[in-house]
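Take a look at the structure below.
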Amino acid sequence: MTLAMNGTNKNGKRALVTGGAGLIGSHIVDLLVREGWKVRILDNLEPNTHKLGKPAWVNADAEFMQGDLRQREVIAAALREIDVVFHQAAYGGYMPEIAKYVDVNSLGTALMLEVIREENLPIKKIVVASSQAVYSEGAGQCPQHGLVFPNVRPVDQLRRGDWVVHCPICGEATTSVPTPENAPVGGETVYGLTKVDQEKLVLLWGKQAGVPTVALRYSCTYGPRQSIFNPYTGVIAIFCTRLLNDLPPVLYEDGEQTRDFSFVEDIARANLLAATTDKLDGLPVNVGSGKGVTIREVAEQISDALGIKIAPQAKGEFRPGEMRHLASGTDRIQAAGYKPQVDLASGIGRYLDWIRAQSDVKDYFSEAETILRSKGIVHSVAKG
Ligand SMILES: NC(=O)c1ccc[n+]([C@@H]2O[C@H](COP(=O)([O-])OP(=O)(O)OC[C@H]3O[C@@H](n4cnc5c(N)ncnc54)[C@H](O)[C@@H]3O)[C@@H](O)[C@H]2O)c1
Ligand SMILES: [Zn+2]
């Protein structure tokens, strides 16, 4: 198979973007094409994400291969004549399909590495999409012990409606501080575990095979093209679709938990940087803004920007294994030259402009919520 594509290929580099029809992958593809790369996309158009089939935004100057990376001959064909792999394809969110996560994310990545080795493919670099979900809980500051790495909060504590993160040494309440990459890696959800697998497999394999690899631990990523069909995607997409359907955004816990948000184009830029510098080789690398924002604040910002005044609802429900706070410590990627360019307010504005142009903005969340409750993924605080 020859890499027949329309791109001008000014810089001669050839990339494979797995999951290149998705939110992050498609923005990486656009950036690479603009930068003169030859790009191939491998994407199976997962029906949960792509209800209407192949999205119109798939870049026409890239070669599109529709296929499942779990099939040996498919991934082998996709990897031929490629210099750099941007491995973005994954199954995500809080869905109850445990085996599918492990199959797509963990085994799919393992198969890709095995094929590169077996076929002796001259891949020069792999950048793998990891996640902040690899951490158990965000780093904390204890009044007595300084920087600490708290454990995941026990389910019994959450059942009592106690959301506080305690110091693992003395039990004091901690305050959230940016989490550096050397924080312990846990994976407290099935998805999180598979992201740990993916980054460890790629980094370890890279060292053994002598291929430079980078694992980018993205913070919560949002922006145009975020699936409005998949109720398990990011909180910004879910809140927007709820409000546009005149329904209140649903906050887990009390809504005061914090997350770090990245606009999707910044994440694409981080991928390009990781592919073109050797400063990050062999490392897990946080990509984020370095700032935590409460989920309640996010709901309010979206509601203000949309001009739909529906107060968010906190019903005291929680998801075991979920972190309370996470802000990414970004010293490592900043030292390599990364600086996010789009702040949350303008990023939300850009997302809303896009979502307003979509014809079908149904609320898929209500149905999903019922399933999550029935499968024991969302729990309620004990009454009385
Ligand atoms: N969006 C976020 O907030 C976020 C945060 C941290 C990490 N990540 C990671 O970034 C990557 C991209 O996420 P996204 O938000 O763009 O998700 P997305 O669902 O929009 O895109 C994923 C793409 O992968 C494709 N895909 C899924 N299974 C596949 C398979 N078996 N074979 C081929 N293609 C397959 C899907 O069709 C989809 O187009 C994922 O690895 C995800 O775990 C995302
Ligand atoms: Zn302490």
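FYI, nothing fancy with the structure tokens labels: chains A, B, ... in order, residues from 1 per chain, ligands from 1 as they appear.
With only C-alpha atoms and all ligand atoms counted, the chains near ligand 2 contribute these residues within 9 Å: A:Gln141, A:Cys142, A:Pro143, A:Gln144, A:His145, A:Gly146, A:Leu147, A:Val148, A:His166, A:Cys167, A:Pro168, A:Ile169, A:Cys170, A:Gly171, A:Glu172, A:Ala173, A:Thr174.
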Output file for the residues above (N, CA and C atoms, as a CSV table (one decimal), in the first residue's frame):
```csv
chain,number,residue,atom,x,y,z
A,141,GLN,N,-2.1,19.8,49.5
A,141,GLN,CA,-1.2,20.5,50.5
A,141,GLN,C,-1.8,20.3,51.9
A,142,CYS,N,-1.0,19.6,52.7
A,142,CYS,CA,-1.4,19.4,54.1
A,142,CYS,C,-0.8,20.4,55.0
A,143,PRO,N,-1.6,21.0,55.9
A,143,PRO,CA,-1.0,22.0,56.8
A,143,PRO,C,0.3,21.5,57.5
A,144,GLN,N,0.3,20.2,57.8
A,144,GLN,CA,1.5,19.7,58.5
A,144,GLN,C,2.6,19.1,57.6
A,145,HIS,N,2.1,18.4,56.6
A,145,HIS,CA,3.0,17.6,55.8
A,145,HIS,C,3.4,18.2,54.4
A,146,GLY,N,2.9,19.3,54.1
A,146,GLY,CA,3.2,19.9,52.8
A,146,GLY,C,2.6,19.2,51.7
A,147,LEU,N,3.4,19.0,50.6
A,147,LEU,CA,2.8,18.3,49.4
A,147,LEU,C,2.6,16.8,49.7
A,148,VAL,N,1.4,16.4,49.5
A,148,VAL,CA,1.0,15.0,49.7
A,148,VAL,C,0.2,14.4,48.5
A,166,HIS,N,-8.5,13.9,52.3
A,166,HIS,CA,-7.7,13.9,53.6
A,166,HIS,C,-6.2,13.6,53.3
A,167,CYS,N,-5.3,14.1,54.2
A,167,CYS,CA,-3.9,13.8,54.1
A,167,CYS,C,-3.7,12.3,54.4
A,168,PRO,N,-2.9,11.6,53.6
A,168,PRO,CA,-2.7,10.2,53.8
A,168,PRO,C,-1.9,9.9,55.0
A,169,ILE,N,-1.2,10.9,55.6
A,169,ILE,CA,-0.4,10.7,56.8
A,169,ILE,C,-1.1,11.0,58.0
A,170,CYS,N,-1.8,12.2,58.1
A,170,CYS,CA,-2.4,12.6,59.4
A,170,CYS,C,-3.9,12.7,59.3
A,171,GLY,N,-4.5,12.6,58.1
A,171,GLY,CA,-5.9,12.7,58.0
A,171,GLY,C,-6.5,14.1,58.0
A,172,GLU,N,-5.7,15.1,58.1
A,172,GLU,CA,-6.2,16.5,57.9
A,172,GLU,C,-6.8,16.7,56.6
A,173,ALA,N,-7.6,17.7,56.5
A,173,ALA,CA,-8.1,18.1,55.2
A,173,ALA,C,-7.0,18.8,54.4
A,174,THR,N,-6.9,18.5,53.1
A,174,THR,CA,-5.9,19.1,52.3
A,174,THR,C,-6.5,20.1,51.3
```
Near-ligand residues for ligand 1, threshold 7 Å, only C-alpha atoms and all ligand atoms, as a VMD selection string: chain A and resid 18 to 25 42 to 46 49 to 50 67 to 70 88 to 92 104 129 to 132 195 217 to 222 226 to 227 233 to 234
So that I have them on file, write out the residues from the current selection with N, CA and C atoms, as a short mmCIF file (atom, residue, chain, number, x, y, z; two decimals), in the first residue's frame.
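File produced: result_32.cif:
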```cif
data_model
loop_
_atom_site.label_atom_id
_atom_site.label_comp_id
_atom_site.auth_asym_id
_atom_site.auth_seq_id
_atom_site.Cartn_x
_atom_site.Cartn_y
_atom_site.Cartn_z
N THR A 18 -4.47 7.57 14.82
CA THR A 18 -5.56 6.63 15.13
C THR A 18 -6.65 7.45 15.83
N GLY A 19 -7.90 7.14 15.57
CA GLY A 19 -8.98 7.93 16.16
C GLY A 19 -9.05 9.33 15.55
N GLY A 20 -8.59 9.45 14.31
CA GLY A 20 -8.49 10.77 13.66
C GLY A 20 -9.81 11.38 13.22
N ALA A 21 -10.93 10.66 13.43
CA ALA A 21 -12.25 11.27 13.17
C ALA A 21 -12.83 11.88 14.45
N GLY A 22 -12.18 11.59 15.58
CA GLY A 22 -12.72 12.03 16.87
C GLY A 22 -12.34 13.46 17.21
N LEU A 23 -12.70 13.86 18.41
CA LEU A 23 -12.48 15.25 18.85
C LEU A 23 -11.01 15.64 18.72
N ILE A 24 -10.17 14.95 19.45
CA ILE A 24 -8.76 15.36 19.51
C ILE A 24 -8.03 14.96 18.23
N GLY A 25 -8.25 13.70 17.80
CA GLY A 25 -7.56 13.21 16.60
C GLY A 25 -7.80 14.11 15.40
N LEU A 42 -6.73 6.31 10.89
CA LEU A 42 -7.40 5.02 11.08
C LEU A 42 -8.48 5.22 12.14
N ASP A 43 -9.73 4.98 11.76
CA ASP A 43 -10.84 5.19 12.70
C ASP A 43 -11.96 4.23 12.31
N ASN A 44 -12.56 3.59 13.31
CA ASN A 44 -13.66 2.67 12.99
C ASN A 44 -15.03 3.35 13.08
N LEU A 45 -15.04 4.66 13.32
CA LEU A 45 -16.29 5.42 13.47
C LEU A 45 -17.21 4.75 14.49
N GLU A 46 -16.66 4.60 15.68
CA GLU A 46 -17.39 4.01 16.80
C GLU A 46 -18.83 4.58 16.87
N THR A 49 -20.10 7.30 19.31
CA THR A 49 -19.56 8.65 19.12
C THR A 49 -20.04 9.27 17.81
N HIS A 50 -20.12 8.42 16.76
CA HIS A 50 -20.44 8.93 15.43
C HIS A 50 -21.78 8.35 14.97
N GLY A 67 -11.51 1.44 9.83
CA GLY A 67 -11.18 0.09 10.28
C GLY A 67 -10.92 0.07 11.77
N ASP A 68 -10.90 -1.13 12.31
CA ASP A 68 -10.76 -1.32 13.75
C ASP A 68 -9.32 -1.70 14.07
N LEU A 69 -8.72 -0.92 14.94
CA LEU A 69 -7.30 -1.16 15.24
C LEU A 69 -7.07 -2.47 15.97
N ARG A 70 -8.16 -3.13 16.39
CA ARG A 70 -7.98 -4.43 17.06
C ARG A 70 -7.76 -5.56 16.07
N GLN A 88 -4.54 8.05 19.21
CA GLN A 88 -5.65 8.72 19.91
C GLN A 88 -6.88 7.83 20.09
N ALA A 89 -7.01 6.79 19.28
CA ALA A 89 -8.23 5.98 19.34
C ALA A 89 -8.35 5.33 20.72
N ALA A 90 -9.52 5.44 21.29
CA ALA A 90 -9.79 4.79 22.57
C ALA A 90 -11.28 4.80 22.81
N TYR A 91 -11.68 3.96 23.74
CA TYR A 91 -13.06 3.93 24.19
C TYR A 91 -13.04 4.63 25.54
N GLY A 92 -13.96 5.58 25.76
CA GLY A 92 -13.79 6.39 26.98
C GLY A 92 -15.03 6.62 27.79
N VAL A 104 -10.22 -2.45 23.54
CA VAL A 104 -9.83 -1.38 22.62
C VAL A 104 -8.55 -0.69 23.12
N ALA A 129 -2.04 9.08 23.57
CA ALA A 129 -2.97 9.88 24.37
C ALA A 129 -3.19 9.19 25.70
N SER A 130 -2.59 9.74 26.75
CA SER A 130 -2.92 9.26 28.09
C SER A 130 -3.89 10.27 28.71
N SER A 131 -4.04 10.23 30.00
CA SER A 131 -5.06 11.07 30.62
C SER A 131 -4.71 11.37 32.06
N GLN A 132 -5.26 12.46 32.55
CA GLN A 132 -5.16 12.75 33.98
C GLN A 132 -5.88 11.67 34.80
N LYS A 195 -5.90 3.55 30.62
CA LYS A 195 -4.99 4.63 30.22
C LYS A 195 -3.61 4.38 30.85
N ARG A 217 -0.56 13.19 29.09
CA ARG A 217 -1.70 13.05 30.02
C ARG A 217 -2.57 14.29 29.88
N TYR A 218 -3.57 14.19 29.00
CA TYR A 218 -4.44 15.35 28.75
C TYR A 218 -5.32 15.64 29.95
N SER A 219 -5.58 16.93 30.17
CA SER A 219 -6.63 17.30 31.12
C SER A 219 -7.97 17.24 30.36
N CYS A 220 -9.08 17.59 31.02
CA CYS A 220 -10.40 17.50 30.37
C CYS A 220 -10.39 18.35 29.12
N THR A 221 -10.62 17.71 27.99
CA THR A 221 -10.49 18.41 26.71
C THR A 221 -11.86 18.65 26.11
N TYR A 222 -12.04 19.83 25.55
CA TYR A 222 -13.36 20.20 25.02
C TYR A 222 -13.16 21.05 23.79
N GLN A 226 -16.78 17.86 19.69
CA GLN A 226 -16.96 16.91 20.80
C GLN A 226 -18.33 16.29 20.64
N SER A 227 -18.36 14.98 20.64
CA SER A 227 -19.59 14.26 20.32
C SER A 227 -20.78 14.76 21.15
N THR A 233 -19.26 11.72 27.20
CA THR A 233 -18.12 12.59 26.87
C THR A 233 -17.94 13.63 27.96
N GLY A 234 -17.23 14.67 27.64
CA GLY A 234 -16.86 15.66 28.64
C GLY A 234 -18.03 16.44 29.20
#
```
If you run DSSP on this backbone, which residues of stretch 230-342 of chain A come out as helix (DSSP H, G or I), and could you give them as number ranges by chain? A: 235-244, 264-276, 295-306, 331-335
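Residues in contact range of A:Gly12, defined as at most 10 Å between only C-alpha atoms, with sequence neighbours fewer than 6 positions away removed, read Gly36, Trp37, Lys38 and Asp83 of chain A.
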Would you save the residues of that selection, restricted to N, CA and C atoms, as a CSV table (one decimal), in the first residue's frame?
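The result, written out as out03.csv:
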```
chain,number,residue,atom,x,y,z
A,36,GLY,N,2.1,20.7,6.7
A,36,GLY,CA,2.7,20.0,5.6
A,36,GLY,C,3.0,18.6,5.7
A,37,TRP,N,2.4,17.9,6.7
A,37,TRP,CA,2.7,16.5,6.9
A,37,TRP,C,1.7,15.7,5.9
A,38,LYS,N,2.1,14.4,5.6
A,38,LYS,CA,1.3,13.5,5.0
A,38,LYS,C,0.6,12.7,6.1
A,83,ASP,N,6.0,7.5,9.7
A,83,ASP,CA,7.1,7.9,10.6
A,83,ASP,C,6.7,8.1,12.0
```
Can you tell me which residues surround A:Trp163 at a distance of at most 8 Å, considering only C-alpha atoms, apart from same-chain residues fewer than 6 positions away, and format the answer as a PyMOL selection string? chain A and resi 153+157+253+324
Would you write out, as a Markdown table, a table of all residues in stretch 161-256 of chain A that have an atom no more than 12 Å from an atom of stretch 337-360 of chain A, listing for each the closest atom pair and the distance in Å to one decimal, considering only C-alpha atoms and ordering rows by chain and rising residue number?
```
| residue | atom | partner | partner_atom | distance |
| --- | --- | --- | --- | --- |
| A:Ser219 | CA | A:Pro340 | CA | 11.9 |
| A:Cys220 | CA | A:Leu344 | CA | 11.3 |
| A:Thr221 | CA | A:Gly347 | CA | 10.3 |
| A:Tyr222 | CA | A:Tyr351 | CA | 7.7 |
| A:Gly223 | CA | A:Tyr351 | CA | 4.9 |
| A:Pro224 | CA | A:Tyr351 | CA | 4.9 |
| A:Arg225 | CA | A:Trp354 | CA | 7.8 |
| A:Gln226 | CA | A:Tyr351 | CA | 8.6 |
| A:Ser227 | CA | A:Ile355 | CA | 9.9 |
| A:Ile228 | CA | A:Ile355 | CA | 8.3 |
| A:Phe229 | CA | A:Asp360 | CA | 8.9 |
| A:Val235 | CA | A:Ile348 | CA | 11.7 |
| A:Ile236 | CA | A:Ile348 | CA | 8.0 |
| A:Ala237 | CA | A:Tyr351 | CA | 8.5 |
| A:Ile238 | CA | A:Ile355 | CA | 11.5 |
| A:Phe239 | CA | A:Leu352 | CA | 11.1 |
| A:Cys240 | CA | A:Leu352 | CA | 7.8 |
| A:Thr241 | CA | A:Ile355 | CA | 8.6 |
| A:Leu243 | CA | A:Leu352 | CA | 11.4 |
| A:Leu244 | CA | A:Arg356 | CA | 9.1 |
| A:Asn245 | CA | A:Asp360 | CA | 10.7 |
```
Store the residues of this selection in a file with N, CA and C atoms, as a PDB file, in the first residue's frame.
```
ATOM      1  N   SER A 219      -5.582  16.927  30.165  1.00  0.00           N
ATOM      2  CA  SER A 219      -6.634  17.298  31.117  1.00  0.00           C
ATOM      3  C   SER A 219      -7.971  17.240  30.365  1.00  0.00           C
ATOM      4  N   CYS A 220      -9.078  17.590  31.015  1.00  0.00           N
ATOM      5  CA  CYS A 220     -10.404  17.497  30.370  1.00  0.00           C
ATOM      6  C   CYS A 220     -10.386  18.345  29.115  1.00  0.00           C
ATOM      7  N   THR A 221     -10.620  17.715  27.990  1.00  0.00           N
ATOM      8  CA  THR A 221     -10.488  18.406  26.709  1.00  0.00           C
ATOM      9  C   THR A 221     -11.865  18.654  26.115  1.00  0.00           C
ATOM     10  N   TYR A 222     -12.044  19.835  25.550  1.00  0.00           N
ATOM     11  CA  TYR A 222     -13.361  20.195  25.017  1.00  0.00           C
ATOM     12  C   TYR A 222     -13.159  21.051  23.792  1.00  0.00           C
ATOM     13  N   GLY A 223     -14.222  21.211  23.034  1.00  0.00           N
ATOM     14  CA  GLY A 223     -14.152  22.096  21.877  1.00  0.00           C
ATOM     15  C   GLY A 223     -15.032  21.582  20.763  1.00  0.00           C
ATOM     16  N   PRO A 224     -15.063  22.329  19.636  1.00  0.00           N
ATOM     17  CA  PRO A 224     -15.882  21.917  18.500  1.00  0.00           C
ATOM     18  C   PRO A 224     -15.573  20.480  18.108  1.00  0.00           C
ATOM     19  N   ARG A 225     -16.604  19.744  17.731  1.00  0.00           N
ATOM     20  CA  ARG A 225     -16.565  18.337  17.305  1.00  0.00           C
ATOM     21  C   ARG A 225     -16.667  17.349  18.468  1.00  0.00           C
ATOM     22  N   GLN A 226     -16.775  17.857  19.691  1.00  0.00           N
ATOM     23  CA  GLN A 226     -16.959  16.915  20.801  1.00  0.00           C
ATOM     24  C   GLN A 226     -18.330  16.290  20.645  1.00  0.00           C
ATOM     25  N   SER A 227     -18.362  14.977  20.643  1.00  0.00           N
ATOM     26  CA  SER A 227     -19.594  14.261  20.324  1.00  0.00           C
ATOM     27  C   SER A 227     -20.785  14.756  21.155  1.00  0.00           C
ATOM     28  N   ILE A 228     -21.844  15.155  20.460  1.00  0.00           N
ATOM     29  CA  ILE A 228     -23.059  15.544  21.178  1.00  0.00           C
ATOM     30  C   ILE A 228     -24.001  14.349  21.266  1.00  0.00           C
ATOM     31  N   PHE A 229     -23.568  13.213  20.780  1.00  0.00           N
ATOM     32  CA  PHE A 229     -24.377  11.992  20.833  1.00  0.00           C
ATOM     33  C   PHE A 229     -23.977  11.115  21.998  1.00  0.00           C
ATOM     34  N   VAL A 235     -17.773  16.989  30.364  1.00  0.00           N
ATOM     35  CA  VAL A 235     -18.808  17.687  31.116  1.00  0.00           C
ATOM     36  C   VAL A 235     -19.304  18.933  30.361  1.00  0.00           C
ATOM     37  N   ILE A 236     -18.441  19.592  29.624  1.00  0.00           N
ATOM     38  CA  ILE A 236     -18.871  20.806  28.914  1.00  0.00           C
ATOM     39  C   ILE A 236     -19.909  20.450  27.841  1.00  0.00           C
ATOM     40  N   ALA A 237     -19.646  19.369  27.101  1.00  0.00           N
ATOM     41  CA  ALA A 237     -20.605  18.936  26.068  1.00  0.00           C
ATOM     42  C   ALA A 237     -21.930  18.520  26.720  1.00  0.00           C
ATOM     43  N   ILE A 238     -21.851  17.815  27.833  1.00  0.00           N
ATOM     44  CA  ILE A 238     -23.073  17.341  28.493  1.00  0.00           C
ATOM     45  C   ILE A 238     -23.902  18.522  29.025  1.00  0.00           C
ATOM     46  N   PHE A 239     -23.226  19.472  29.683  1.00  0.00           N
ATOM     47  CA  PHE A 239     -23.957  20.632  30.226  1.00  0.00           C
ATOM     48  C   PHE A 239     -24.607  21.441  29.098  1.00  0.00           C
ATOM     49  N   CYS A 240     -23.887  21.606  27.992  1.00  0.00           N
ATOM     50  CA  CYS A 240     -24.459  22.361  26.864  1.00  0.00           C
ATOM     51  C   CYS A 240     -25.719  21.674  26.347  1.00  0.00           C
ATOM     52  N   THR A 241     -25.648  20.366  26.135  1.00  0.00           N
ATOM     53  CA  THR A 241     -26.815  19.692  25.564  1.00  0.00           C
ATOM     54  C   THR A 241     -27.972  19.700  26.560  1.00  0.00           C
ATOM     55  N   LEU A 243     -28.651  22.099  28.813  1.00  0.00           N
ATOM     56  CA  LEU A 243     -29.225  23.450  28.826  1.00  0.00           C
ATOM     57  C   LEU A 243     -29.999  23.731  27.540  1.00  0.00           C
ATOM     58  N   LEU A 244     -29.455  23.290  26.417  1.00  0.00           N
ATOM     59  CA  LEU A 244     -30.155  23.533  25.140  1.00  0.00           C
ATOM     60  C   LEU A 244     -31.469  22.757  25.070  1.00  0.00           C
ATOM     61  N   ASN A 245     -31.619  21.741  25.927  1.00  0.00           N
ATOM     62  CA  ASN A 245     -32.888  21.007  26.014  1.00  0.00           C
ATOM     63  C   ASN A 245     -33.726  21.480  27.207  1.00  0.00           C
TER      64      ASN A 245
END
```
Option closest in space to A:Ser328, from A:Asp103, A:Glu265, A:Glu137, A:Glu297 [counting only C-alpha atoms]: A:Glu137
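For the atom pair formed by atom CA of A:Arg259 and atom CA of A:Leu32, the distance is 28.3 Å, given to one decimal.
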